[in-house]
$ cat query_14.txt   # compact mmCIF, C-alpha atoms
# COMPACT_ATOMS: atom_id res chain seq x y z
CA MET F 1 25.75 -46.43 56.74
CA LYS F 2 29.30 -47.78 56.68
CA ASN F 3 28.21 -50.60 54.44
CA ILE F 4 26.76 -48.28 51.86
CA ILE F 5 29.88 -46.19 51.67
CA SER F 6 32.07 -49.24 51.30
CA ASN F 7 29.89 -50.24 48.32
CA LEU F 8 30.86 -47.03 46.56
CA ASN F 9 33.59 -47.97 44.18
CA LYS F 10 36.78 -45.92 44.43
CA ALA F 11 37.46 -46.53 40.75
CA PHE F 12 34.37 -44.53 39.79
CA GLU F 13 34.90 -41.60 42.13
CA ASN F 14 36.50 -39.50 39.41
CA ARG F 15 34.01 -37.78 37.15
CA VAL F 16 35.81 -38.74 33.97
CA ARG F 17 35.69 -42.43 34.86
CA LEU F 18 32.09 -42.08 35.89
CA GLY F 19 31.43 -40.57 32.46
CA ILE F 20 33.24 -43.32 30.56
CA MET F 21 31.36 -46.02 32.46
CA SER F 22 28.00 -44.25 31.91
CA VAL F 23 28.53 -43.97 28.16
CA LEU F 24 29.60 -47.61 27.85
CA MET F 25 26.64 -48.80 29.94
CA VAL F 26 24.20 -47.57 27.29
CA ASN F 27 26.35 -47.95 24.17
CA ASP F 28 27.53 -51.50 23.46
CA GLU F 29 30.81 -50.13 22.25
CA MET F 30 32.34 -46.81 21.33
CA ASP F 31 35.65 -45.87 19.77
CA PHE F 32 38.22 -43.53 21.26
CA ILE F 33 37.35 -40.52 19.13
CA ASN F 34 33.63 -40.71 19.76
CA LEU F 35 34.19 -41.22 23.49
CA ARG F 36 36.48 -38.20 23.54
CA GLU F 37 33.91 -36.05 21.77
CA THR F 38 30.92 -37.30 23.74
CA LEU F 39 32.66 -36.52 27.02
CA ASP F 40 34.44 -33.43 25.73
CA LEU F 41 37.88 -34.51 26.95
CA THR F 42 41.46 -34.20 25.77
CA ASP F 43 43.31 -37.19 24.31
CA GLY F 44 45.63 -37.50 27.27
CA ASN F 45 42.92 -37.19 29.87
CA LEU F 46 40.73 -39.84 28.28
CA ALA F 47 43.68 -42.15 27.60
CA SER F 48 44.90 -42.16 31.18
CA HIS F 49 41.47 -42.76 32.71
CA ILE F 50 40.49 -45.44 30.25
CA ARG F 51 43.79 -47.20 30.90
CA ALA F 52 43.01 -47.18 34.62
CA LEU F 53 39.60 -48.71 33.95
CA GLU F 54 41.13 -51.32 31.67
CA GLU F 55 43.70 -52.26 34.31
CA ALA F 56 40.90 -52.60 36.85
CA GLY F 57 39.27 -55.09 34.46
CA TYR F 58 36.11 -53.01 33.93
CA VAL F 59 36.73 -51.99 30.33
CA LYS F 60 38.06 -54.01 27.41
CA SER F 61 39.41 -52.68 24.17
CA GLU F 62 39.52 -54.04 20.67
CA LYS F 63 41.96 -52.71 18.12
CA ARG F 64 41.19 -52.89 14.45
CA PHE F 65 41.86 -51.05 11.25
CA LEU F 66 39.39 -48.84 9.44
CA GLY F 67 41.08 -48.73 6.07
CA ARG F 68 44.59 -47.78 7.11
CA LYS F 69 43.69 -45.98 10.29
CA PRO F 70 43.97 -47.86 13.57
CA ASN F 71 40.81 -47.66 15.57
CA THR F 72 40.32 -48.75 19.16
CA SER F 73 36.86 -49.47 20.37
CA TYR F 74 35.94 -49.88 24.01
CA SER F 75 33.24 -51.83 25.77
CA LEU F 76 32.48 -52.91 29.34
CA THR F 77 33.43 -56.30 30.71
CA SER F 78 30.71 -58.16 32.60
CA GLU F 79 32.65 -57.34 35.74
CA GLY F 80 32.51 -53.67 34.76
CA ILE F 81 28.75 -53.81 34.28
CA GLU F 82 28.28 -55.53 37.65
CA SER F 83 30.50 -53.09 39.52
CA PHE F 84 28.92 -50.07 37.97
CA ARG F 85 25.44 -51.34 38.81
CA SER F 86 26.35 -51.81 42.45
CA HIS F 87 28.02 -48.41 42.47
CA LEU F 88 24.77 -46.88 41.17
CA LYS F 89 22.79 -48.76 43.77
CA ALA F 90 25.08 -47.45 46.50
CA LEU F 91 24.63 -43.89 45.24
CA GLU F 92 20.87 -44.30 45.30
CA GLU F 93 20.99 -45.75 48.81
CA LEU F 94 23.00 -42.74 49.93
CA LEU F 95 20.34 -40.44 48.55
CA LYS F 96 17.64 -42.19 50.54
CA GLN F 97 19.40 -41.41 53.84
CA MET V 98 24.05 -37.11 56.44
CA GLU V 99 24.50 -33.50 55.45
CA LYS V 100 22.01 -31.90 53.17
CA GLN V 101 22.76 -32.32 49.49
CA LYS V 102 23.88 -29.30 47.60
CA THR V 103 21.32 -28.65 44.96
CA MET V 104 22.82 -27.97 41.61
CA PRO V 105 20.56 -26.34 39.04
CA TYR V 106 19.63 -28.89 36.45
CA PHE V 107 20.48 -27.67 32.98
CA ALA V 108 17.94 -29.13 30.63
CA SER V 109 20.27 -29.60 27.74
CA GLN V 110 22.74 -26.77 27.44
CA SER V 111 25.35 -27.73 29.97
CA THR V 112 28.20 -29.86 28.79
CA PHE V 113 29.92 -32.67 30.56
CA ASN V 114 32.64 -30.23 31.58
CA ASN V 115 30.32 -28.47 33.98
CA CYS V 116 30.05 -31.76 35.80
CA VAL V 117 33.74 -32.58 35.61
CA MET V 118 34.75 -29.31 37.17
CA ASN V 119 32.64 -29.93 40.20
CA GLU V 120 35.13 -32.23 41.89
CA ASN V 121 33.79 -32.72 45.41
CA SER V 122 30.56 -34.18 44.19
CA SER V 123 27.54 -35.35 46.10
CA PRO V 124 25.74 -38.59 45.21
CA LEU V 125 22.92 -36.49 43.79
CA ASP V 126 25.29 -34.67 41.43
CA ASP V 127 26.82 -38.00 40.44
CA ILE V 128 23.47 -39.53 39.60
CA ARG V 129 22.44 -36.46 37.63
CA ALA V 130 25.67 -36.50 35.67
CA ILE V 131 25.30 -40.23 34.94
CA ARG V 132 21.73 -39.84 33.76
CA LYS V 133 22.60 -36.87 31.55
CA ILE V 134 25.57 -38.62 29.95
CA MET V 135 23.54 -41.78 29.33
CA GLU V 136 20.80 -39.77 27.66
CA GLU V 137 23.05 -37.54 25.60
CA SER V 138 25.23 -40.37 24.37
CA THR V 139 22.27 -42.38 23.04
CA ARG V 140 19.88 -39.69 21.84
CA PHE V 141 20.30 -36.91 19.32
CA LEU V 142 18.67 -34.02 21.16
CA SER V 143 19.17 -31.19 18.70
CA ILE V 144 16.15 -31.45 16.44
CA SER V 145 15.00 -27.90 16.06
CA GLY V 146 11.39 -27.07 16.89
CA PHE V 147 11.53 -24.23 14.43
CA SER V 148 12.28 -26.65 11.60
CA GLY V 149 8.95 -28.34 12.45
CA VAL V 150 7.09 -25.06 11.91
CA PHE V 151 9.00 -24.45 8.69
CA MET V 152 8.38 -27.98 7.35
CA GLY V 153 4.70 -27.61 8.17
CA LEU V 154 4.43 -24.39 6.19
CA ILE V 155 6.21 -25.97 3.22
CA ALA V 156 3.81 -28.93 3.35
CA ILE V 157 0.77 -26.66 3.41
CA ALA V 158 2.09 -24.70 0.44
CA GLY V 159 2.70 -27.99 -1.40
CA ALA V 160 -0.81 -29.21 -0.65
CA ILE V 161 -2.33 -25.95 -1.91
CA ALA V 162 -0.27 -26.33 -5.11
CA ALA V 163 -1.52 -29.92 -5.48
CA LYS V 164 -5.10 -28.73 -5.03
CA MET V 165 -4.60 -26.30 -7.90
CA ILE V 166 -2.96 -28.95 -10.09
CA ILE V 167 -5.73 -31.52 -9.64
CA PRO V 168 -8.82 -30.52 -11.69
CA GLU V 169 -12.01 -30.04 -9.66
CA SER V 170 -13.85 -32.56 -11.82
CA ILE V 171 -11.67 -35.40 -10.54
CA ILE V 172 -12.35 -34.64 -6.89
CA THR V 173 -15.73 -36.10 -6.11
CA GLY V 174 -17.30 -37.55 -3.03
CA GLN V 175 -15.88 -40.90 -4.12
CA GLY V 176 -12.37 -39.64 -3.76
CA TYR V 177 -9.83 -38.93 -6.40
CA SER V 178 -10.65 -40.78 -9.56
CA GLU V 179 -9.58 -44.41 -9.58
CA SER V 180 -6.75 -43.61 -11.89
CA LEU V 181 -5.62 -40.21 -12.95
CA ALA V 182 -4.18 -41.85 -16.03
CA SER V 183 -7.66 -42.17 -17.57
CA HIS V 184 -8.11 -38.40 -17.48
CA PRO V 185 -7.33 -36.79 -20.85
CA ASP V 186 -4.76 -34.57 -19.21
CA GLY V 187 -3.73 -37.32 -16.75
CA HIS V 188 -0.06 -37.76 -17.54
CA ARG V 189 0.66 -34.06 -17.33
CA ILE V 190 -1.18 -33.88 -13.99
CA ILE V 191 0.77 -36.84 -12.60
CA ARG V 192 4.07 -35.28 -13.69
CA LEU V 193 3.13 -31.99 -12.03
CA LEU V 194 2.12 -33.76 -8.82
CA PHE V 195 5.43 -35.65 -8.73
CA ALA V 196 7.35 -32.40 -9.26
CA ASP V 197 5.32 -30.74 -6.48
CA ALA V 198 6.02 -33.63 -4.10
CA ALA V 199 9.74 -33.67 -4.96
CA ILE V 200 10.09 -29.93 -4.32
CA VAL V 201 8.26 -30.18 -0.98
CA LEU V 202 10.40 -33.14 0.09
CA PHE V 203 13.62 -31.40 -0.90
CA LEU V 204 12.76 -28.12 0.86
CA ALA V 205 11.55 -29.89 4.01
CA LEU V 206 14.66 -32.08 4.29
CA THR V 207 16.96 -29.12 3.68
CA ALA V 208 15.15 -27.06 6.32
CA ALA V 209 15.28 -29.88 8.88
CA LEU V 210 18.99 -30.40 8.27
CA LEU V 211 19.96 -26.71 8.30
CA PHE V 212 18.05 -25.89 11.48
CA SER V 213 19.42 -28.96 13.26
CA VAL V 214 23.00 -28.14 12.28
CA ARG V 215 22.45 -24.63 13.58
CA LYS V 216 21.05 -25.94 16.84
CA THR V 217 23.91 -28.37 17.42
CA ARG V 218 26.35 -25.48 16.92
CA LYS V 219 24.47 -23.31 19.38
CA GLN V 220 24.49 -26.11 21.94
CA GLY V 221 28.16 -26.77 21.32
CA ARG V 222 27.46 -30.29 20.19
CA LYS V 223 28.42 -32.32 17.15
CA ILE V 224 26.03 -33.23 14.36
CA TRP V 225 27.71 -36.51 13.38
CA THR V 226 27.72 -38.72 16.47
CA PRO V 227 26.97 -42.40 17.06
CA ALA V 228 23.54 -41.31 18.33
CA SER V 229 22.71 -39.22 15.27
CA LYS V 230 23.83 -42.04 12.97
CA ARG V 231 21.50 -44.46 14.74
CA LEU V 232 18.69 -41.92 14.53
CA LEU V 233 19.21 -41.49 10.81
CA ILE V 234 19.25 -45.22 10.06
CA ASN V 235 16.17 -45.89 12.15
CA LEU V 236 14.31 -43.05 10.48
CA ALA V 237 15.51 -43.81 6.96
CA VAL V 238 14.72 -47.52 6.72
CA PRO V 239 10.93 -47.28 7.21
CA LEU V 240 10.78 -43.96 5.37
CA VAL V 241 12.62 -45.16 2.26
CA SER V 242 10.69 -48.46 2.22
CA GLY V 243 7.47 -46.46 2.36
CA GLY V 244 8.66 -44.10 -0.34
CA VAL V 245 9.54 -46.95 -2.71
CA PHE V 246 6.25 -48.70 -1.97
CA ILE V 247 4.25 -45.54 -2.69
CA LEU V 248 6.18 -44.79 -5.90
CA LEU V 249 5.71 -48.35 -7.20
CA THR V 250 1.97 -48.34 -6.50
CA ALA V 251 1.33 -44.74 -7.53
CA GLY V 252 -1.26 -44.50 -10.29
CA ARG V 253 -2.44 -48.05 -9.61
CA VAL V 254 -4.09 -47.18 -6.30
CA PRO V 255 -6.50 -44.32 -5.69
CA GLY V 256 -4.87 -41.05 -4.63
CA HIS V 257 -6.23 -41.15 -1.10
CA VAL V 258 -4.52 -44.51 -0.54
CA SER V 259 -1.16 -42.98 -1.52
CA ALA V 260 -1.80 -40.04 0.82
CA SER V 261 -2.70 -42.40 3.64
CA LEU V 262 0.40 -44.55 3.02
CA MET V 263 2.64 -41.49 3.21
CA LEU V 264 1.21 -40.51 6.58
CA VAL V 265 1.29 -44.04 8.01
CA PHE V 266 4.85 -44.84 6.89
CA TYR V 267 6.06 -41.45 8.12
CA GLY V 268 4.38 -42.06 11.48
CA LEU V 269 5.98 -45.50 11.77
CA ALA V 270 9.39 -44.04 10.88
CA LEU V 271 9.03 -41.39 13.61
CA LEU V 272 7.90 -44.00 16.12
CA ASN V 273 10.94 -46.10 15.32
CA ALA V 274 13.32 -43.13 15.47
CA SER V 275 11.91 -41.77 18.74
CA LYS V 276 14.16 -44.10 20.73
CA TYR V 277 17.15 -42.13 19.49
CA THR V 278 15.92 -38.56 19.90
CA MET V 279 13.46 -36.52 21.93
CA THR V 280 10.66 -38.67 23.32
CA GLU V 281 8.06 -36.20 22.04
CA ILE V 282 8.70 -37.55 18.54
CA TYR V 283 6.94 -40.74 19.64
CA TRP V 284 3.62 -38.89 20.01
CA LEU V 285 4.07 -37.06 16.73
CA GLY V 286 4.49 -40.50 15.12
CA ILE V 287 1.29 -41.82 16.73
CA ALA V 288 -0.63 -38.73 15.59
CA GLU V 289 0.64 -39.17 12.00
CA ILE V 290 -0.42 -42.84 11.94
CA ILE V 291 -3.91 -42.01 13.22
CA THR V 292 -4.26 -39.20 10.67
CA GLY V 293 -3.20 -41.61 7.89
CA LEU V 294 -5.72 -44.26 8.89
CA VAL V 295 -8.58 -41.77 9.21
CA CYS V 296 -7.58 -40.39 5.79
CA LEU V 297 -8.22 -43.82 4.32
CA VAL V 298 -11.82 -43.74 5.55
CA PHE V 299 -12.72 -40.35 4.01
CA PRO V 300 -11.54 -40.58 0.40
CA GLY V 301 -12.84 -37.19 -0.71
CA TYR V 302 -10.85 -35.30 1.90
CA SER V 303 -7.42 -36.92 1.58
CA LEU V 304 -5.67 -33.69 0.61
CA TRP V 305 -7.01 -32.07 3.76
CA PHE V 306 -5.79 -34.95 5.93
CA TRP V 307 -2.43 -34.82 4.19
CA MET V 308 -2.27 -31.09 4.90
CA PHE V 309 -3.22 -31.69 8.53
CA GLY V 310 -0.68 -34.48 9.03
CA PHE V 311 2.33 -32.94 7.33
CA GLY V 312 1.39 -29.29 7.85
CA VAL V 313 -0.62 -28.63 10.99
CA LEU V 314 0.88 -31.42 13.11
CA HIS V 315 4.44 -30.29 12.31
CA ILE V 316 3.62 -26.69 13.18
CA LEU V 317 1.94 -27.73 16.43
CA TYR V 318 4.92 -29.92 17.28
CA GLY V 319 7.37 -27.09 16.58
CA LEU V 320 5.42 -24.63 18.73
CA LEU V 321 5.10 -27.18 21.54
CA MET V 322 8.85 -27.77 21.53
CA TYR V 323 9.46 -24.04 21.51
CA PHE V 324 7.24 -23.37 24.50
CA ARG V 325 8.44 -26.41 26.39
CA TYR V 326 12.16 -25.82 26.03
CA LYS V 327 12.26 -22.12 25.16
CA GLU V 328 14.76 -22.69 22.44
CA ILE V 329 14.76 -22.52 18.68

$ encode --input "query_14.txt" --output "structure tokens"
Amino acid sequence: MKNIISNLNKAFENRVRLGIMSVLMVNDEMDFINLRETLDLTDGNLASHIRALEEAGYVKSEKRFLGRKPNTSYSLTSEGIESFRSHLKALEELLKQ
Amino acid sequence: MEKQKTMPYFASQSTFNNCVMNENSSPLDDIRAIRKIMEESTRFLSISGFSGVFMGLIAIAGAIAAKMIIPESIITGQGYSESLASHPDGHRIIRLLFADAAIVLFLALTAALLFSVRKTRKQGRKIWTPASKRLLINLAVPLVSGGVFILLTAGRVPGHVSASLMLVFYGLALLNASKYTMTEIYWLGIAEIITGLVCLVFPGYSLWFWMFGFGVLHILYGLLMYFRYKEI
């Protein structure tokens, strides 16, 4: 029981972060605006949570220009994919209890 | 372990916010939220069932018009005459058939688009998302290839072959697009392909198969979606 709970990743406890990770698991990459609209969040809310995930090394960003507009697109690092998978597994284990 | 709180599962209406607001979440809620977000961010789920019914009716009207355009003498047990062009009135008939097809295509596309835009608004979603773009590309590539193929061979192949090609290419396009929208589209695609292939075997009845594939199947699909999800 203890083991399962310790497998739950603190970084994904927040629903917004859970949402960001879920979207990036099934979309190779997504830019800031589309992420914001998919998850129905405000700029500030998304920015702060995605920064936290970037600092944890789970998300990487790539800045580029679309014409003159800067555009940041996000994707998961392999560490992010691994951690999210084990987080999912831990959630499923919890359900089986 | 305490019993999980059961949260009603909103088929498609609820937005991510409903999940966000529920802060002390159970693992079950988490998994539901994850699954929902994964699905909604990869699939465009606002194709209106009603547009299916509407498209079907347009197709049936178009097929009836085609039946009136094509002279009875050309329709024999052997199928539509090898080439309409050899008929004394052939070129006029071909022009009328093209006009008929273009009007049907235009009305059907407009209906599909309008009803889907309306549905996205009702659901509080966006029409132009990464998922809808992927859906459009995956639908358009086989559909446009088929359209070009049919146009380039029209008049040089018997009419029932053109009818069959339309159904088969449309079915393949739906099959390909079904990964990016409701899964039911997959079965509509299979049904269209089967209808197209059977159409090839019964040359004299191709207009009926065309009417079944583009008319009846669309209407059935629309009604099925309506009764399954109770939404227009």

$ closest_residue --input "query_14.txt" --among "F:Ile20, F:Leu94, F:Leu46, F:Leu39" --to "Val59 in chain F" --atoms "all atoms listed in the file"
F:Ile20

$ residues_around --input "query_14.txt" --residues "range 253-265 of chain V" --least-positions-apart "2" --cutoff "10 Å" --atoms "only C-alpha atoms" --output "VMD selection string"
chain V and resid 176 to 182 240 243 to 244 246 to 251 267 to 271 286 to 308 310 to 311

$ atom_distance --input "query_14.txt" --atom1 "CA of Glu92 in chain F" --atom2 "CA of Leu125 in chain V"
8.2 Å

$ atom_distance --input "query_14.txt" --atom1 "CA of Leu285 in chain V" --atom2 "CA of Pro239 in chain V"
15.6 Å

$ closest_residue --input "query_14.txt" --among "F:Ala90, F:Ile81, F:Leu95, F:Leu41" --to "Met21 in chain F" --atoms "all atoms listed in the file"
F:Ile81

$ closest_residue --input "query_14.txt" --among "F:Leu24, F:Leu66, F:Leu91, F:Leu35" --to "chain V" --atoms "all atoms listed in the file"
F:Leu91

$ interface_residues --input "query_14.txt" --of "chain F" --to "chain V" --cutoff "8 Å" --atoms "all atoms listed in the file" --output "VMD selection string"
chain F and resid 14 to 16 18 to 19 22 to 23 25 to 27 34 38 to 40 88 91 to 92 94 to 95 97

$ closest_residue --input "query_14.txt" --among "V:Tyr323, V:Phe266, V:Thr280, V:Ile316" --to "Val241 in chain V" --atoms "only C-alpha atoms"
V:Phe266

$ closest_residue --input "query_14.txt" --among "V:Val238, V:Leu142, V:Ile166, V:Leu154" --to "Gly187 in chain V" --atoms "all atoms listed in the file"
V:Ile166

$ atom_distance --input "query_14.txt" --atom1 "CA of Arg36 in chain F" --atom2 "CA of Ile50 in chain F"
10.7 Å

$ residues_near_point --input "query_14.txt" --point "(13.9, -42.8, 14.6)" --cutoff "8 Å" --atoms "all atoms listed in the file" --output "MDAnalysis selection string"
chainID V and resid 231:237 270:278

$ residues_around --input "query_14.txt" --residues "Tyr58 in chain F" --least-positions-apart "5" --cutoff "12 Å" --atoms "all atoms listed in the file" --output "PDB file with C-alpha atoms, in the frame of the given file"
ATOM      1  CA  ASN F   9      33.590 -47.970  44.180  1.00  0.00           C
ATOM      2  CA  ALA F  11      37.460 -46.530  40.750  1.00  0.00           C
ATOM      3  CA  PHE F  12      34.370 -44.530  39.790  1.00  0.00           C
ATOM      4  CA  ARG F  17      35.690 -42.430  34.860  1.00  0.00           C
ATOM      5  CA  LEU F  18      32.090 -42.080  35.890  1.00  0.00           C
ATOM      6  CA  ILE F  20      33.240 -43.320  30.560  1.00  0.00           C
ATOM      7  CA  MET F  21      31.360 -46.020  32.460  1.00  0.00           C
ATOM      8  CA  LEU F  24      29.600 -47.610  27.850  1.00  0.00           C
ATOM      9  CA  MET F  25      26.640 -48.800  29.940  1.00  0.00           C
ATOM     10  CA  HIS F  49      41.470 -42.760  32.710  1.00  0.00           C
ATOM     11  CA  ILE F  50      40.490 -45.440  30.250  1.00  0.00           C
ATOM     12  CA  ARG F  51      43.790 -47.200  30.900  1.00  0.00           C
ATOM     13  CA  ALA F  52      43.010 -47.180  34.620  1.00  0.00           C
ATOM     14  CA  LEU F  53      39.600 -48.710  33.950  1.00  0.00           C
ATOM     15  CA  TYR F  74      35.940 -49.880  24.010  1.00  0.00           C
ATOM     16  CA  SER F  75      33.240 -51.830  25.770  1.00  0.00           C
ATOM     17  CA  LEU F  76      32.480 -52.910  29.340  1.00  0.00           C
ATOM     18  CA  THR F  77      33.430 -56.300  30.710  1.00  0.00           C
ATOM     19  CA  SER F  78      30.710 -58.160  32.600  1.00  0.00           C
ATOM     20  CA  GLU F  79      32.650 -57.340  35.740  1.00  0.00           C
ATOM     21  CA  GLY F  80      32.510 -53.670  34.760  1.00  0.00           C
ATOM     22  CA  ILE F  81      28.750 -53.810  34.280  1.00  0.00           C
ATOM     23  CA  GLU F  82      28.280 -55.530  37.650  1.00  0.00           C
ATOM     24  CA  SER F  83      30.500 -53.090  39.520  1.00  0.00           C
ATOM     25  CA  PHE F  84      28.920 -50.070  37.970  1.00  0.00           C
ATOM     26  CA  ARG F  85      25.440 -51.340  38.810  1.00  0.00           C
TER      27      ARG F  85
END
